[in-house]
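Shown below: input.cif, with mmCIF, C-alpha atoms and all ligand atoms.
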data_model
loop_
_atom_site.label_atom_id
_atom_site.label_comp_id
_atom_site.auth_asym_id
_atom_site.auth_seq_id
_atom_site.Cartn_x
_atom_site.Cartn_y
_atom_site.Cartn_z
CA MET A 1237 202.72 264.53 27.29
CA GLU A 1238 204.41 262.14 24.85
CA THR A 1239 202.98 262.25 21.33
CA LYS A 1240 203.14 260.31 18.11
CA ILE A 1241 203.16 261.93 14.65
CA VAL A 1242 200.62 260.49 12.20
CA LYS A 1243 199.42 261.37 8.72
CA ALA A 1244 196.10 263.15 8.24
CA PHE A 1245 194.10 265.01 5.58
CA GLY A 1246 193.05 268.52 6.54
CA THR A 1247 193.68 272.19 5.99
CA GLU A 1248 195.33 275.12 7.78
CA ALA A 1249 192.95 277.82 6.54
CA LEU A 1250 189.54 278.69 5.14
CA ASN A 1251 189.19 278.15 1.38
CA VAL A 1252 192.44 276.17 1.18
CA PRO A 1253 191.82 272.66 -0.22
CA LEU A 1254 192.40 269.77 2.16
CA HIS A 1255 195.78 268.04 1.75
CA THR A 1256 198.08 265.60 3.49
CA MET A 1257 199.53 266.92 6.75
CA ASN A 1258 201.09 265.60 9.94
CA ILE A 1259 199.26 265.77 13.27
CA LYS A 1260 199.99 264.58 16.82
CA ARG A 1261 198.16 261.82 18.68
CA ARG A 1262 198.75 261.38 22.40
CA GLU A 1263 200.66 258.35 23.70
CA LEU A 1264 198.30 255.78 25.20
CA GLN A 1265 196.96 256.60 28.67
CA PRO A 1266 195.94 253.66 30.91
CA HIS A 1267 192.30 253.77 29.72
CA ASP A 1268 193.04 254.64 26.07
CA VAL A 1269 192.45 252.64 22.94
CA GLU A 1270 194.45 253.30 19.77
CA MET A 1271 192.76 252.38 16.52
CA GLU A 1272 193.93 252.25 12.95
CA ILE A 1273 191.24 254.03 10.93
CA LEU A 1274 190.02 251.95 8.00
CA PHE A 1275 187.02 254.01 6.83
CA CYS A 1276 185.63 257.44 7.62
CA GLY A 1277 182.31 258.90 6.44
CA ILE A 1278 181.85 262.49 5.24
CA CYS A 1279 178.99 264.27 7.01
CA HIS A 1280 177.51 267.63 6.04
CA SER A 1281 178.74 268.85 9.45
CA ASP A 1282 182.32 268.33 8.21
CA LEU A 1283 181.43 270.59 5.27
CA HIS A 1284 179.78 273.24 7.51
CA GLN A 1285 182.95 273.25 9.64
CA ILE A 1286 185.54 273.57 6.86
CA LYS A 1287 183.46 276.44 5.44
CA ASN A 1288 183.24 278.00 8.94
CA ASP A 1289 179.44 278.19 8.50
CA PHE A 1290 178.92 278.48 12.27
CA GLY A 1291 181.75 280.98 12.85
CA HIS A 1292 183.67 278.83 15.35
CA THR A 1293 186.00 276.73 13.23
CA ALA A 1294 189.56 276.59 14.57
CA PHE A 1295 192.29 276.04 11.98
CA PRO A 1296 194.15 273.82 11.27
CA ILE A 1297 191.25 271.40 10.95
CA VAL A 1298 191.10 267.67 10.25
CA PRO A 1299 187.44 266.67 9.83
CA GLY A 1300 185.85 263.24 10.20
CA HIS A 1301 183.61 261.82 12.92
CA GLU A 1302 182.19 258.62 11.38
CA ILE A 1303 185.22 256.51 12.17
CA VAL A 1304 185.62 252.74 11.98
CA GLY A 1305 188.73 250.61 12.20
CA LYS A 1306 190.74 248.08 14.16
CA VAL A 1307 192.27 248.35 17.60
CA THR A 1308 196.07 248.43 17.36
CA GLN A 1309 196.99 249.01 21.03
CA VAL A 1310 195.26 249.29 24.38
CA GLY A 1311 196.30 250.98 27.64
CA ASP A 1312 197.08 248.89 30.75
CA HIS A 1313 193.64 249.37 32.33
CA VAL A 1314 191.47 248.89 29.24
CA LYS A 1315 188.84 246.20 29.81
CA SER A 1316 186.44 246.27 26.90
CA PHE A 1317 188.79 246.13 23.88
CA LYS A 1318 191.81 244.11 22.80
CA THR A 1319 194.20 244.42 19.89
CA GLY A 1320 192.55 243.34 16.64
CA ASP A 1321 188.97 244.15 17.68
CA LEU A 1322 186.75 246.13 15.32
CA ALA A 1323 186.04 249.53 16.85
CA ALA A 1324 184.32 252.80 16.05
CA ILE A 1325 184.36 256.40 17.20
CA GLY A 1326 181.57 258.88 16.51
CA CYS A 1327 181.10 262.51 17.48
CA ILE A 1328 181.96 262.35 21.20
CA VAL A 1329 185.48 261.53 22.44
CA ASP A 1330 185.33 262.95 25.98
CA SER A 1331 182.97 264.51 28.54
CA CYS A 1332 183.14 265.42 32.25
CA GLY A 1333 181.98 261.93 33.30
CA LYS A 1334 180.47 263.29 36.54
CA CYS A 1335 177.37 265.37 35.76
CA GLU A 1336 173.86 263.93 35.80
CA TYR A 1337 173.86 263.64 32.00
CA CYS A 1338 177.17 261.79 31.77
CA GLU A 1339 175.95 259.52 34.58
CA ASP A 1340 172.73 258.64 32.80
CA GLY A 1341 174.40 258.10 29.43
CA THR A 1342 173.29 261.27 27.66
CA GLU A 1343 176.81 262.67 27.35
CA GLN A 1344 175.64 264.90 24.49
CA PHE A 1345 174.11 267.13 27.21
CA CYS A 1346 177.22 267.15 29.49
CA ASP A 1347 177.22 270.19 31.81
CA GLU A 1348 180.80 271.01 30.84
CA GLY A 1349 180.22 270.35 27.16
CA VAL A 1350 181.53 267.28 25.36
CA THR A 1351 184.78 267.06 23.47
CA PHE A 1352 183.89 266.35 19.85
CA SER A 1353 186.12 264.16 17.74
CA PHE A 1354 187.29 267.17 15.75
CA ASN A 1355 187.46 270.95 16.12
CA SER A 1356 186.91 270.83 19.88
CA PRO A 1357 189.34 271.96 22.62
CA ASP A 1358 191.72 269.04 23.27
CA LYS A 1359 192.10 268.52 27.06
CA TYR A 1360 195.24 266.43 26.64
CA LEU A 1361 197.33 268.17 24.00
CA GLY A 1362 195.93 271.71 23.91
CA GLY A 1363 194.78 273.14 20.59
CA THR A 1364 191.81 271.36 19.05
CA THR A 1365 190.97 267.73 18.40
CA PHE A 1366 191.73 266.25 14.97
CA GLY A 1367 189.15 263.96 13.39
CA GLY A 1368 189.02 260.75 11.45
CA PHE A 1369 190.57 261.83 8.15
CA SER A 1370 193.78 260.37 9.59
CA GLU A 1371 195.73 257.18 10.14
CA THR A 1372 194.84 256.60 13.79
CA TYR A 1373 192.70 257.84 16.66
CA VAL A 1374 193.44 257.63 20.39
CA CYS A 1375 190.55 257.89 22.81
CA ASN A 1376 189.37 256.69 26.24
CA GLU A 1377 187.64 253.30 25.88
CA LYS A 1378 184.41 254.79 27.36
CA TYR A 1379 183.80 256.59 24.06
CA VAL A 1380 184.75 253.74 21.73
CA LEU A 1381 181.99 251.58 20.22
CA HIS A 1382 181.90 247.92 19.26
CA VAL A 1383 181.02 247.30 15.60
CA PRO A 1384 178.91 244.18 15.09
CA GLU A 1385 180.85 241.72 12.87
CA THR A 1386 177.92 241.23 10.48
CA LEU A 1387 177.93 244.83 9.27
CA ASP A 1388 179.95 245.81 6.21
CA LEU A 1389 182.58 248.07 7.77
CA ALA A 1390 182.69 250.82 5.12
CA SER A 1391 178.92 251.22 4.91
CA ALA A 1392 178.59 251.02 8.70
CA ALA A 1393 180.81 254.11 9.18
CA PRO A 1394 177.96 256.64 8.54
CA LEU A 1395 175.95 255.08 11.36
CA LEU A 1396 178.35 256.72 13.83
CA CYS A 1397 176.91 260.18 13.20
CA ALA A 1398 174.09 260.07 10.63
CA GLY A 1399 172.68 256.85 12.12
CA ILE A 1400 172.59 257.92 15.77
CA THR A 1401 171.39 261.44 14.91
CA VAL A 1402 168.18 260.06 13.43
CA TYR A 1403 167.83 256.94 15.64
CA SER A 1404 167.80 259.02 18.84
CA PRO A 1405 164.83 261.31 17.97
CA LEU A 1406 162.92 258.50 16.24
CA LYS A 1407 163.14 256.53 19.48
CA HIS A 1408 162.54 259.52 21.77
CA TRP A 1409 159.39 260.57 19.87
CA GLN A 1410 158.30 256.92 19.68
CA ALA A 1411 158.30 256.16 15.97
CA GLY A 1412 156.76 252.71 15.67
CA PRO A 1413 153.69 250.77 14.55
CA GLY A 1414 150.69 253.04 14.00
CA LYS A 1415 152.85 256.17 13.71
CA LYS A 1416 153.07 258.18 10.49
CA VAL A 1417 156.57 259.63 10.25
CA GLY A 1418 157.79 262.20 7.74
CA ILE A 1419 161.43 262.52 6.77
CA LEU A 1420 162.52 265.83 5.29
CA GLY A 1421 165.56 265.71 2.98
CA ILE A 1422 167.09 262.54 1.58
CA GLY A 1423 170.79 262.94 2.22
CA GLY A 1424 173.12 261.06 4.53
CA LEU A 1425 170.87 261.47 7.57
CA GLY A 1426 167.58 261.28 5.68
CA HIS A 1427 168.24 258.01 3.86
CA LEU A 1428 169.20 256.31 7.13
CA ALA A 1429 166.15 257.81 8.83
CA ILE A 1430 163.95 256.08 6.23
CA LYS A 1431 165.58 252.70 6.90
CA ILE A 1432 165.58 253.05 10.69
CA ALA A 1433 162.00 254.39 10.97
CA LYS A 1434 160.77 251.52 8.78
CA ALA A 1435 162.65 248.99 10.92
CA MET A 1436 160.97 250.52 14.00
CA GLY A 1437 157.63 249.77 12.35
CA ALA A 1438 156.49 253.29 11.40
CA GLU A 1439 154.80 254.31 8.15
CA VAL A 1440 157.27 256.58 6.37
CA THR A 1441 156.67 259.46 3.96
CA VAL A 1442 159.65 261.39 2.61
CA PHE A 1443 159.73 264.95 1.33
CA THR A 1444 162.46 265.82 -1.14
CA THR A 1445 163.43 268.71 -3.39
CA SER A 1446 165.12 266.30 -5.84
CA PRO A 1447 162.97 264.65 -8.54
CA SER A 1448 165.60 261.90 -8.98
CA LYS A 1449 165.17 260.82 -5.37
CA VAL A 1450 161.41 260.29 -5.50
CA GLU A 1451 161.59 256.77 -6.98
CA ASP A 1452 164.75 255.96 -5.08
CA ALA A 1453 163.03 256.74 -1.77
CA LYS A 1454 160.77 253.74 -2.32
CA ARG A 1455 163.80 251.53 -2.99
CA LEU A 1456 165.18 252.76 0.33
CA GLY A 1457 161.96 251.57 1.97
CA ALA A 1458 159.75 254.67 2.16
CA ASP A 1459 156.01 254.02 1.82
CA GLU A 1460 155.48 257.31 0.02
CA ALA A 1461 157.69 259.99 -1.50
CA VAL A 1462 156.64 263.57 -2.21
CA LEU A 1463 158.32 266.22 -4.33
CA SER A 1464 158.08 269.19 -1.97
CA SER A 1465 157.73 271.70 -4.85
CA ASP A 1466 154.45 270.05 -5.93
CA ALA A 1467 151.77 271.98 -4.01
CA GLU A 1468 148.98 269.57 -4.93
CA GLN A 1469 150.91 266.54 -3.60
CA MET A 1470 151.91 268.47 -0.47
CA SER A 1471 148.30 269.43 0.29
CA ARG A 1472 147.38 265.75 0.59
CA TYR A 1473 149.52 265.47 3.73
CA PHE A 1474 147.86 268.36 5.62
CA ARG A 1475 147.30 267.16 9.27
CA LYS A 1476 148.45 263.62 8.46
CA LEU A 1477 151.76 263.06 10.29
CA HIS A 1478 152.64 262.37 13.93
CA LEU A 1479 156.32 263.23 13.64
CA ILE A 1480 158.65 264.83 11.09
CA ILE A 1481 162.43 264.52 11.25
CA ASP A 1482 163.88 267.54 9.43
CA THR A 1483 167.41 266.83 8.13
CA VAL A 1484 167.72 269.82 5.78
CA SER A 1485 171.14 271.49 5.90
CA ALA A 1486 170.17 274.87 4.41
CA LYS A 1487 167.59 277.62 4.88
CA HIS A 1488 164.02 276.37 4.34
CA ASP A 1489 160.49 277.05 5.53
CA VAL A 1490 159.57 274.76 8.43
CA ASN A 1491 156.05 276.21 8.65
CA THR A 1492 155.04 274.24 5.57
CA TYR A 1493 155.89 271.06 7.49
CA LEU A 1494 154.34 272.14 10.83
CA ASN A 1495 151.08 272.27 8.86
CA LEU A 1496 151.45 268.59 7.93
CA LEU A 1497 151.34 267.54 11.60
CA LYS A 1498 148.35 266.06 13.36
CA PRO A 1499 147.45 267.77 16.64
CA ASP A 1500 150.23 267.17 19.22
CA GLY A 1501 152.69 266.30 16.46
CA SER A 1502 156.32 267.43 16.40
CA VAL A 1503 158.76 268.63 13.80
CA VAL A 1504 162.20 267.72 15.10
CA LEU A 1505 165.08 269.59 13.55
CA VAL A 1506 168.37 267.73 13.28
CA GLY A 1507 169.69 269.65 10.27
CA LEU A 1508 171.82 272.70 11.05
CA PRO A 1509 170.98 275.54 8.67
CA PRO A 1510 173.34 278.33 9.74
CA GLU A 1511 170.60 281.02 9.57
CA PRO A 1512 167.89 281.48 12.25
CA ILE A 1513 164.58 279.74 11.54
CA GLU A 1514 161.22 281.53 11.65
CA VAL A 1515 158.27 279.71 13.18
CA GLY A 1516 154.82 281.25 12.71
CA ALA A 1517 152.72 281.35 15.92
CA PHE A 1518 149.63 279.92 14.23
CA ASN A 1519 151.61 276.96 12.90
CA ILE A 1520 152.31 275.70 16.40
CA VAL A 1521 149.56 277.11 18.59
CA GLY A 1522 146.57 275.77 16.69
CA GLY A 1523 147.41 272.08 16.77
CA ARG A 1524 149.47 272.13 20.01
CA HIS A 1525 152.40 271.37 17.69
CA SER A 1526 156.02 271.26 18.82
CA PHE A 1527 159.04 272.48 16.95
CA SER A 1528 162.08 270.97 18.60
CA GLY A 1529 165.58 269.67 17.97
CA SER A 1530 167.88 266.77 18.70
CA ASN A 1531 171.64 266.47 18.88
CA ILE A 1532 173.41 263.17 18.03
CA GLY A 1533 172.99 260.71 20.95
CA GLY A 1534 174.90 259.37 23.95
CA ILE A 1535 177.45 256.58 23.88
CA ALA A 1536 175.14 253.86 25.24
CA GLU A 1537 172.43 254.79 22.74
CA THR A 1538 174.98 254.81 19.91
CA GLN A 1539 175.92 251.22 20.81
CA GLU A 1540 172.22 250.34 20.99
CA MET A 1541 171.73 251.87 17.51
CA LEU A 1542 174.65 249.85 16.08
CA ASP A 1543 173.17 246.65 17.51
CA PHE A 1544 169.69 247.60 16.19
CA CYS A 1545 171.16 248.21 12.71
CA ALA A 1546 172.99 244.86 12.81
CA LYS A 1547 169.75 243.11 13.79
CA HIS A 1548 167.84 244.76 10.94
CA ASN A 1549 170.75 244.64 8.48
CA ILE A 1550 170.85 248.42 8.06
CA THR A 1551 173.87 250.27 6.69
CA ALA A 1552 174.29 253.37 4.55
CA ASP A 1553 174.24 253.48 0.74
CA ILE A 1554 177.75 254.72 0.12
CA GLU A 1555 180.13 255.95 -2.55
CA LEU A 1556 183.60 254.79 -1.50
CA ILE A 1557 186.35 257.26 -2.41
CA ASN A 1558 190.10 257.72 -2.03
CA VAL A 1559 191.27 260.41 0.37
CA GLN A 1560 192.70 262.30 -2.62
CA GLN A 1561 189.08 262.81 -3.83
CA VAL A 1562 187.92 264.52 -0.63
CA ASN A 1563 187.82 268.09 -2.01
CA GLU A 1564 185.76 266.98 -5.00
CA ALA A 1565 183.47 265.04 -2.65
CA PHE A 1566 182.86 268.18 -0.56
CA GLU A 1567 181.95 270.10 -3.76
CA ARG A 1568 179.50 267.39 -4.72
CA LEU A 1569 178.03 267.17 -1.21
CA GLU A 1570 177.40 270.91 -1.32
CA LYS A 1571 175.33 270.39 -4.51
CA GLY A 1572 173.45 267.41 -3.03
CA ASP A 1573 175.16 265.14 -5.58
CA VAL A 1574 175.73 261.99 -3.52
CA LYS A 1575 173.61 258.87 -3.04
CA TYR A 1576 173.81 258.93 -0.11
CA ARG A 1577 177.08 259.14 1.82
CA PHE A 1578 180.72 259.48 0.81
CA VAL A 1579 183.01 257.17 2.77
CA ILE A 1580 186.80 257.44 2.52
CA ASP A 1581 188.93 254.33 2.22
CA MET A 1582 191.58 255.52 4.67
CA ALA A 1583 194.16 253.01 3.39
CA THR A 1584 194.60 255.47 0.48
CA LEU A 1585 196.18 257.98 2.88
CA LYS A 1586 199.30 255.77 2.83
CA LYS A 1587 199.73 256.30 -0.96
P1 LIG B 1601 173.26 265.94 3.21
O1 LIG B 1601 173.70 264.55 2.92
O2 LIG B 1601 173.83 267.07 2.43
O3 LIG B 1601 171.66 265.96 3.14
C1 LIG B 1601 170.91 267.14 3.32
C2 LIG B 1601 169.68 267.05 2.42
O4 LIG B 1601 168.88 268.18 2.67
C3 LIG B 1601 169.98 267.11 0.94
O5 LIG B 1601 170.29 265.85 0.41
C4 LIG B 1601 168.67 267.62 0.38
O6 LIG B 1601 167.72 266.55 0.28
C5 LIG B 1601 168.16 268.53 1.47
N1 LIG B 1601 168.46 269.94 1.16
C6 LIG B 1601 169.68 270.51 0.98
N2 LIG B 1601 169.55 271.82 0.74
C7 LIG B 1601 168.23 272.09 0.77
C8 LIG B 1601 167.45 273.28 0.63
N3 LIG B 1601 168.03 274.46 0.37
N4 LIG B 1601 166.10 273.19 0.75
C9 LIG B 1601 165.51 272.00 1.00
N5 LIG B 1601 166.21 270.84 1.14
C10 LIG B 1601 167.54 270.90 1.03
O7 LIG B 1601 173.57 266.30 4.74
P2 LIG B 1601 173.60 265.34 6.03
O8 LIG B 1601 174.99 264.89 6.25
O9 LIG B 1601 172.49 264.40 5.96
O10 LIG B 1601 173.33 266.42 7.18
C11 LIG B 1601 172.11 267.15 7.18
C12 LIG B 1601 172.19 268.27 8.20
O11 LIG B 1601 172.21 267.69 9.51
C13 LIG B 1601 173.44 269.12 8.11
O12 LIG B 1601 173.09 270.47 8.39
C14 LIG B 1601 174.32 268.57 9.21
O13 LIG B 1601 175.26 269.50 9.70
C15 LIG B 1601 173.29 268.26 10.26
N6 LIG B 1601 173.69 267.28 11.29
C16 LIG B 1601 173.17 267.46 12.53
C17 LIG B 1601 173.45 266.55 13.54
C18 LIG B 1601 172.81 266.70 14.88
O14 LIG B 1601 173.27 266.09 15.83
N7 LIG B 1601 171.74 267.46 15.00
C19 LIG B 1601 174.28 265.47 13.26
C20 LIG B 1601 174.76 265.30 11.97
C21 LIG B 1601 174.46 266.22 10.98
P3 LIG B 1601 166.72 266.41 -0.97
O15 LIG B 1601 167.59 266.38 -2.18
O16 LIG B 1601 166.01 265.14 -0.70
O17 LIG B 1601 165.81 267.61 -0.92
ZN ZN B 1602 177.98 264.30 11.45
#
Turn this file's structure into C-alpha cells for me.
Amino acid sequence: METKIVKAFGTEALNVPLHTMNIKRRELQPHDVEMEILFCGICHSDLHQIKNDFGHTAFPIVPGHEIVGKVTQVGDHVKSFKTGDLAAIGCIVDSCGKCEYCEDGTEQFCDEGVTFSFNSPDKYLGGTTFGGFSETYVCNEKYVLHVPETLDLASAAPLLCAGITVYSPLKHWQAGPGKKVGILGIGGLGHLAIKIAKAMGAEVTVFTTSPSKVEDAKRLGADEAVLSSDAEQMSRYFRKLHLIIDTVSAKHDVNTYLNLLKPDGSVVLVGLPPEPIEVGAFNIVGGRHSFSGSNIGGIAETQEMLDFCAKHNITADIELINVQQVNEAFERLEKGDVKYRFVIDMATLKK
C-alpha cells in the first residue's frame, strides 16, 4: 500500500523521552478522510501506555486519541465530510463493521475487537497504529466525528475520550433529575463528569484526595465536594448516592465508596488502575449494590455527546502546551498536577 511520511512525537522504547520522529500514514482509500491535526489532548491512558502499565505496549509508540482538526482530503466515496470541515477522531478508528455490536453502534464491544487510534494492530500497514501526536491522521469516515462549530476547538479535544467515557455510563445508569451522583477523582475525566452530570440534571457530589480541588469542584458545578481523607465528612454520605463514577487511575479502596450507595446503587469504574481491585462481599450483597465498569462509547454515542456538549456549552478546562513540553506534561500528569487536561497545540510540531 502507498504511504506518506509525516512528522510525529513519540518514542521507540520504554523510559526514553518522547521526541520528533517520522511515521507512515496510508494513502487515502475510497472511504478515507485525511485530517490535519490541530489539537490533541493528553489522557492518563496515554501515560499508562508509554509506561507499559498494562504490559501490552508495542514500541515505537505515538500516543494521542483526543484528536481534532480540519479535513485536508477525502477519498472518492466519502459522503459525510469535505475538505475544510472540522473533524475529530477519538479512541476507535476501525472495527469489524459486521457483528451485532458494530451494527447497533456499540463498536467498543466489537466481537473482533476494535482498532484503537494508537498502539493497536494496524490492519492496513501492519505494525501498530500511531496516534494523534502527529501532523495528520487517515481514517475511514465511519469513525470520524463532526465537531460543532460553537465549541472552542482546543478545549473540545478532551471530549473525544474523557467526555465520552463519562457521558456513556452517566446516560446508561440514568443520571438525571432526582438522582444523586458521586464522582470519584477530579482529573480529566472527573472534571468533565461533573459538568456533564450537572447538565443531565443530577445532583453531583465529588470525592477528591486533593485539598486544592475542593473549592474548585464547586466552580466546576458540583453541588458538594468532599475531601476523601476526612472520615467525618465521608460518613455523612453513607447510603446517600444512586450512582458513583470512579475515575481514579491508581490503586484505591472501592469498598469505601460501595458503602456510600443507596440500595440498588452502582459504582461504575472507568479508571484503569493496573492492579486487581478487591471488592468485599458484604459491600455489595447487603444493599444489592453493583460494582461494574464502562469502556469509552460507540461512534454514534460519541457524536451525540459532542452535540450534547455543544448544546450545554461544555468543554474541558485545559492547559495548552507546545509539543516540546509533552514529557514535562506527562511528569505533571503522573503527580496529578494539571487543572484539568493538557492539550497540545499541534502546530508546534512544525517548529
Ligand atoms: P487524571 O487526569 O490523572 O485523573 C485521575 C484522578 O484520579 C486524579 O486527578 C486524582 O483526583 C485521582 N487519583 C489519582 N491517583 C489517586 C490515588 N492513588 N488515590 C485516589 N485518587 C487518585 O486521569 P484521567 O485522564 O482522568 O483518567 C483517569 C483514569 O481513567 C485513567 O486510569 C485512565 O487510563 C482511565 N480511562 C479509562 C477509559 C475507559 O474507557 N474506561 C477512558 C479514558 C481513561 P483527585 O486529585 O481529585 O483525587
Ligand atoms: Zn483516553
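With atom C18 of ligand LIG 1601 (chain B) on one side and atom CA of A:Val1304 on the other, the separation reads 19.2 Å.
With distances restricted to all atoms listed in the file, A:Ile1278 is the closest residue to A:Ser1391 from A:Val1242, A:Ile1278, A:Val1350, A:Ala1565.
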*List all protein, DNA and RNA residues that have any atom at most 8 Å from ligand LIG 1601 (chain B), counting only C-alpha atoms and all ligand atoms, and write the list as a VMD selection string.*
chain A and resid 1278 to 1284 1397 to 1398 1401 1420 to 1427 1443 to 1446 1449 1464 1483 to 1488 1505 to 1510 1529 to 1533 1569 to 1574 1576 to 1577
*Nearest-residue call for ligand ZN 1602 (chain B), choices A:Ala1294, A:Ala1390, A:Ile1303, A:Ala1438, using only C-alpha atoms and all ligand atoms*: A:Ile1303
Restrict the calculation to only C-alpha atoms, then for each residue of stretch 1514-1581 of chain A with any atom at most 10 Å from an atom of stretch 1367-1379 of chain A give the closest atom pair and their distance in Å to one decimal, rows by chain and rising residue number, as CSV.
residue,atom,partner,partner_atom,distance
A:Gly1534,CA,A:Tyr1379,CA,9.3
A:Ile1535,CA,A:Tyr1379,CA,6.4
A:Ala1536,CA,A:Tyr1379,CA,9.2
A:Thr1538,CA,A:Tyr1379,CA,9.9
A:Val1559,CA,A:Phe1369,CA,7.9
A:Val1562,CA,A:Phe1369,CA,9.6
A:Ile1580,CA,A:Phe1369,CA,8.1
A:Asp1581,CA,A:Phe1369,CA,9.7
*Residues within 12 Å of A:Lys1243, only C-alpha atoms, excluding chain neighbours under 3 positions, as number ranges by chain*: A: 1240, 1246, 1255-1261, 1272-1273, 1298, 1366-1373, 1559, 1582-1587
*asked:* I'd like the interatomic distance between atom CA of A:Glu1238 and atom CA of A:Pro1357, to a tenth of an Å.
replied: 18.1 Å
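With distances taken over only C-alpha atoms and all ligand atoms, A:Gly1326 is the one residue among A:Phe1275, A:Phe1245, A:Asp1321, A:Gly1326 lying closest to ligand ZN 1602 (chain B).
For A:Asn1491, the list of residues within 12 Å, based on only C-alpha atoms and with local chain neighbours fewer than 4 positions off taken out, reads Phe1474, Ile1480, Asp1482, Asn1495, Leu1496, Leu1497, Ser1502, Val1503, Ile1513, Glu1514, Val1515, Gly1516, Ala1517, Phe1518, Asn1519, Ile1520, Val1521, His1525, Ser1526 and Phe1527 of chain A.
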*Just the residues within 10 Å of A:Arg1475, please, counting all atoms listed in the file, with nothing from its chain fewer than 2 positions along; format it as a list in words.*
Ser1471, Arg1472, Tyr1473, Leu1477, His1478, Tyr1493, Leu1494, Asn1495, Leu1496, Leu1497, Lys1498, Pro1499, Gly1501 and Gly1523 of chain A
Complete the atom set of stretch 1313-1319 of chain A to all heavy atoms and return it as a tab-separated table (two decimals), in the frame of the given file.
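rebuild_29.tsv, written as the output of this step:
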chain	number	residue	atom	x	y	z
A	1313	HIS	N	194.88	249.59	31.58
A	1313	HIS	CA	193.64	249.37	32.33
A	1313	HIS	C	192.42	249.16	31.44
A	1313	HIS	O	191.29	249.12	31.94
A	1313	HIS	CB	193.38	250.55	33.28
A	1313	HIS	CG	194.43	250.68	34.35
A	1313	HIS	ND1	194.52	251.76	35.17
A	1313	HIS	CD2	195.43	249.85	34.70
A	1313	HIS	CE1	195.53	251.60	36.00
A	1313	HIS	NE2	196.12	250.44	35.73
A	1314	VAL	N	192.63	249.04	30.14
A	1314	VAL	CA	191.47	248.89	29.24
A	1314	VAL	C	190.86	247.49	29.40
A	1314	VAL	O	191.58	246.49	29.40
A	1314	VAL	CB	191.89	249.13	27.77
A	1314	VAL	CG1	190.80	248.69	26.80
A	1314	VAL	CG2	192.23	250.60	27.57
A	1315	LYS	N	189.52	247.48	29.57
A	1315	LYS	CA	188.84	246.20	29.81
A	1315	LYS	C	188.01	245.73	28.62
A	1315	LYS	O	187.85	244.55	28.40
A	1315	LYS	CB	187.90	246.34	31.02
A	1315	LYS	CG	188.63	246.62	32.32
A	1315	LYS	CD	187.94	245.89	33.49
A	1315	LYS	CE	188.81	245.86	34.72
A	1315	LYS	NZ	189.28	247.20	35.13
A	1316	SER	N	187.45	246.68	27.87
A	1316	SER	CA	186.44	246.27	26.90
A	1316	SER	C	186.96	246.08	25.47
A	1316	SER	O	186.18	245.71	24.58
A	1316	SER	CB	185.27	247.25	26.92
A	1316	SER	OG	185.76	248.56	26.98
A	1317	PHE	N	188.24	246.33	25.23
A	1317	PHE	CA	188.79	246.13	23.88
A	1317	PHE	C	190.14	245.43	23.98
A	1317	PHE	O	190.86	245.60	24.97
A	1317	PHE	CB	188.99	247.48	23.16
A	1317	PHE	CG	187.70	248.12	22.76
A	1317	PHE	CD1	187.05	249.00	23.63
A	1317	PHE	CD2	187.10	247.85	21.53
A	1317	PHE	CE1	185.84	249.59	23.28
A	1317	PHE	CE2	185.90	248.43	21.17
A	1317	PHE	CZ	185.27	249.30	22.04
A	1318	LYS	N	190.46	244.66	22.91
A	1318	LYS	CA	191.81	244.11	22.80
A	1318	LYS	C	192.32	244.34	21.39
A	1318	LYS	O	191.51	244.62	20.47
A	1318	LYS	CB	191.81	242.62	23.19
A	1318	LYS	CG	190.86	241.77	22.38
A	1318	LYS	CD	190.94	240.33	22.82
A	1318	LYS	CE	190.22	239.39	21.86
A	1318	LYS	NZ	188.99	239.86	21.21
A	1319	THR	N	193.61	244.21	21.20
A	1319	THR	CA	194.20	244.42	19.89
A	1319	THR	C	193.51	243.53	18.86
A	1319	THR	O	193.26	242.35	19.13
A	1319	THR	CB	195.71	244.10	19.96
A	1319	THR	OG1	196.27	244.93	20.97
A	1319	THR	CG2	196.42	244.35	18.65
